[in-house]
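Report on one structure; see the data block that follows.
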Amino acid sequence: MKWCGGCLKIIALAVLLEAAVSGCDKAAPPPAAKHVFPTHAQPRLSTLRFWLGPEEITAELALNAEEQETGMMFRTNMDENSGMMFPLPAVERADFWMKNCPMSLSAAYIDPSGAIAEIRELHAEDTNGVVAKSDNIYYVLEMNEGWFQRHHIEPGTFVRSEKGSLQQTFIRH
């Protein structure tokens, strides 16, 4: 069968029109944004002195989402009486993991009053979350592995800073 030039133009126009119309009805969803994890250790954060019972430590303050997400990633050491404090954005069932963390840590999950609710072990490079038993956690303090045990700090111990209670230290508006 032979097609005339006019017929081919009409068929081509019809095909283009169909593609344009069906394209409007079936717009492809935008590609899902992939989360980009930190690729290096963050610089040392601002610090504050804290007391856990009679023990004095200095902790870096992970205050915003980026600092909290990066946390101790890629760090290979920490002084014995140093740590990192995470004041969470809201009371929650804390869930911490050790992605890209080459050293094991111990974490105190702390309630809104400043009392340690539980102490959990966080193993190097473990990407499984370590979920708090309580949904009433407002702060998390990470220390070297075994620090709480070595210093006889147990659940029920209150944490305070040089500015006062944790509630006074991390006033939220």
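Ligands are numbered from 1 in the order shown, chains are lettered A, B, ... in the order of the structure tokens, and residues start at 1 in each chain.
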
Query - Polymer residues at most 7 Å from Ser161 (chain A), only C-alpha atoms, same-chain spacing of 3 or more positions, as a list in words - result: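 Listed by chain and then number, they are Arg49, Phe50, Trp51, Gly164, Ser165, Leu166 and Thr169 of chain A.
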
So that I can check the surroundings of region 77-85 of chain A, please list as a tab-separated table (two decimals) with N, CA, C and O atoms, in the first residue's frame every protein, DNA and RNA residue that reaches within 7 Å of it, counting only C-alpha atoms and ignoring chain neighbours fewer than 3 positions away.
chain	number	residue	atom	x	y	z
A	57	ILE	N	32.46	15.79	83.18
A	57	ILE	CA	32.88	15.52	81.80
A	57	ILE	C	32.76	16.81	80.99
A	57	ILE	O	32.13	17.78	81.43
A	58	THR	N	33.31	16.79	79.81
A	58	THR	CA	33.11	17.84	78.83
A	58	THR	C	32.47	17.19	77.62
A	58	THR	O	32.97	16.17	77.12
A	59	ALA	N	31.35	17.74	77.16
A	59	ALA	CA	30.65	17.14	76.02
A	59	ALA	C	30.46	18.16	74.91
A	59	ALA	O	30.14	19.33	75.17
A	60	GLU	N	30.68	17.70	73.69
A	60	GLU	CA	30.34	18.50	72.52
A	60	GLU	C	28.82	18.54	72.42
A	60	GLU	O	28.14	17.58	72.80
A	61	LEU	N	28.29	19.62	71.90
A	61	LEU	CA	26.84	19.80	71.80
A	61	LEU	C	26.38	19.66	70.35
A	61	LEU	O	26.67	20.52	69.51
A	62	ALA	N	25.66	18.60	70.06
A	62	ALA	CA	25.08	18.39	68.73
A	62	ALA	C	23.68	19.01	68.79
A	62	ALA	O	22.73	18.38	69.23
A	140	VAL	N	20.39	12.48	74.75
A	140	VAL	CA	21.24	11.30	74.66
A	140	VAL	C	22.68	11.78	74.83
A	140	VAL	O	23.09	12.76	74.19
A	141	LEU	N	23.42	11.10	75.70
A	141	LEU	CA	24.82	11.42	75.92
A	141	LEU	C	25.66	10.22	75.52
A	141	LEU	O	25.52	9.14	76.09
A	142	GLU	N	26.52	10.42	74.51
A	142	GLU	CA	27.43	9.36	74.07
A	142	GLU	C	28.79	9.56	74.71
A	142	GLU	O	29.32	10.67	74.72
A	143	MET	N	29.34	8.44	75.23
A	143	MET	CA	30.66	8.44	75.86
A	143	MET	C	31.43	7.24	75.31
A	143	MET	O	30.87	6.39	74.63
A	144	ASN	N	32.72	7.17	75.66
A	144	ASN	CA	33.52	6.01	75.27
A	144	ASN	C	32.85	4.73	75.79
A	144	ASN	O	32.21	4.73	76.84

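You can rank A:Ala107, A:Ala94, A:Leu45, A:Cys101 by their closest distance to Asn136 (chain A) using only C-alpha atoms, and at the top of that list sits A:Ala94.
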
Report summary line: Atom pair CA of Ala108 (chain A) + CA of Phe170 (chain A), distance 16.9 Å

Query - Within 12 Å of Arg120 (chain A) using only C-alpha atoms, minus same-chain residues under 6 positions, as a ChimeraX atom specification - result: /A:94-97,104-110,129-133,140-149,154-155

Based on the selection just made, write N, CA and C atoms of those residues as a short mmCIF file (atom, residue, chain, number, x, y, z; two decimals), in the first residue's frame.
data_model
loop_
_atom_site.label_atom_id
_atom_site.label_comp_id
_atom_site.auth_asym_id
_atom_site.auth_seq_id
_atom_site.Cartn_x
_atom_site.Cartn_y
_atom_site.Cartn_z
N ALA A 94 14.10 7.27 71.65
CA ALA A 94 15.36 7.49 70.94
C ALA A 94 15.80 6.22 70.22
N ASP A 95 16.43 6.42 69.08
CA ASP A 95 16.89 5.32 68.24
C ASP A 95 18.21 5.75 67.60
N PHE A 96 19.33 5.27 68.13
CA PHE A 96 20.64 5.66 67.63
C PHE A 96 21.31 4.47 66.97
N TRP A 97 22.10 4.74 65.92
CA TRP A 97 22.85 3.71 65.22
C TRP A 97 24.28 4.18 65.05
N SER A 104 33.28 1.91 69.18
CA SER A 104 32.09 1.61 69.97
C SER A 104 31.91 2.67 71.05
N LEU A 105 30.66 2.91 71.41
CA LEU A 105 30.32 3.92 72.41
C LEU A 105 29.30 3.36 73.38
N SER A 106 29.13 4.05 74.49
CA SER A 106 28.02 3.79 75.40
C SER A 106 27.16 5.04 75.39
N ALA A 107 25.84 4.85 75.45
CA ALA A 107 24.92 5.99 75.38
C ALA A 107 23.97 5.98 76.56
N ALA A 108 23.84 7.13 77.19
CA ALA A 108 22.84 7.30 78.24
C ALA A 108 21.62 7.94 77.59
N TYR A 109 20.48 7.27 77.70
CA TYR A 109 19.22 7.83 77.24
C TYR A 109 18.61 8.51 78.46
N ILE A 110 18.36 9.80 78.35
CA ILE A 110 18.03 10.65 79.49
C ILE A 110 16.63 11.21 79.34
N GLY A 129 19.47 0.08 64.58
CA GLY A 129 19.16 1.07 65.60
C GLY A 129 19.12 0.46 66.99
N VAL A 130 19.60 1.21 67.96
CA VAL A 130 19.51 0.82 69.37
C VAL A 130 18.39 1.69 69.94
N VAL A 131 17.23 1.09 70.07
CA VAL A 131 16.01 1.81 70.43
C VAL A 131 15.83 1.82 71.94
N ALA A 132 15.50 2.98 72.47
CA ALA A 132 15.24 3.11 73.91
C ALA A 132 14.03 2.27 74.30
N LYS A 133 14.04 1.80 75.52
CA LYS A 133 12.89 1.05 76.04
C LYS A 133 11.73 2.00 76.33
N VAL A 140 20.39 12.48 74.75
CA VAL A 140 21.24 11.30 74.66
C VAL A 140 22.68 11.78 74.83
N LEU A 141 23.42 11.10 75.70
CA LEU A 141 24.82 11.42 75.92
C LEU A 141 25.66 10.22 75.52
N GLU A 142 26.52 10.42 74.51
CA GLU A 142 27.43 9.36 74.07
C GLU A 142 28.79 9.56 74.71
N MET A 143 29.34 8.44 75.23
CA MET A 143 30.66 8.44 75.86
C MET A 143 31.43 7.24 75.31
N ASN A 144 32.72 7.17 75.66
CA ASN A 144 33.52 6.01 75.27
C ASN A 144 32.85 4.73 75.79
N GLU A 145 33.06 3.66 75.06
CA GLU A 145 32.49 2.36 75.44
C GLU A 145 32.88 2.01 76.88
N GLY A 146 31.88 1.68 77.68
CA GLY A 146 32.12 1.27 79.05
C GLY A 146 32.32 2.39 80.06
N TRP A 147 32.27 3.65 79.60
CA TRP A 147 32.54 4.77 80.50
C TRP A 147 31.59 4.77 81.70
N PHE A 148 30.32 4.59 81.49
CA PHE A 148 29.35 4.65 82.59
C PHE A 148 29.64 3.56 83.62
N GLN A 149 29.97 2.37 83.15
CA GLN A 149 30.28 1.27 84.06
C GLN A 149 31.56 1.55 84.84
N GLU A 154 24.82 4.93 86.91
CA GLU A 154 23.71 4.01 86.62
C GLU A 154 22.44 4.78 86.31
N PRO A 155 21.43 4.09 85.77
CA PRO A 155 20.13 4.73 85.59
C PRO A 155 19.65 5.33 86.92
#

Query raised in the report: In terms of the shortest atom-to-atom distance over only C-alpha atoms, which of A:Lys163, A:Arg44, A:His152, A:Arg172 is closest to Arg75 (chain A)?
Result: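 Of the candidates, the smallest distance to Arg75 (chain A) is held by A:Arg44.
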
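Residue nearest Thr157 (chain A) within the list A:Thr47, A:Ser113, A:Ser134, A:Asn128: A:Ser113 [criterion: smallest interatomic distance, only C-alpha atoms].
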
Query raised in the report: Taking into account only C-alpha atoms, which residue in the set A:Ile116, A:Met72, A:Leu52, A:Ala124 is nearest to Pro38 (chain A)?
Result: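 Closest to Pro38 (chain A), using only C-alpha atoms: A:Met72.
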
Report task. To one decimal in Å, tell me the separation between CA of Ile137 (chain A) and CA of Gln68 (chain A). Result -> 15.1 Å

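Interatomic distance, CA of Phe158 (chain A) to CA of Pro87 (chain A): 15.0 Å.
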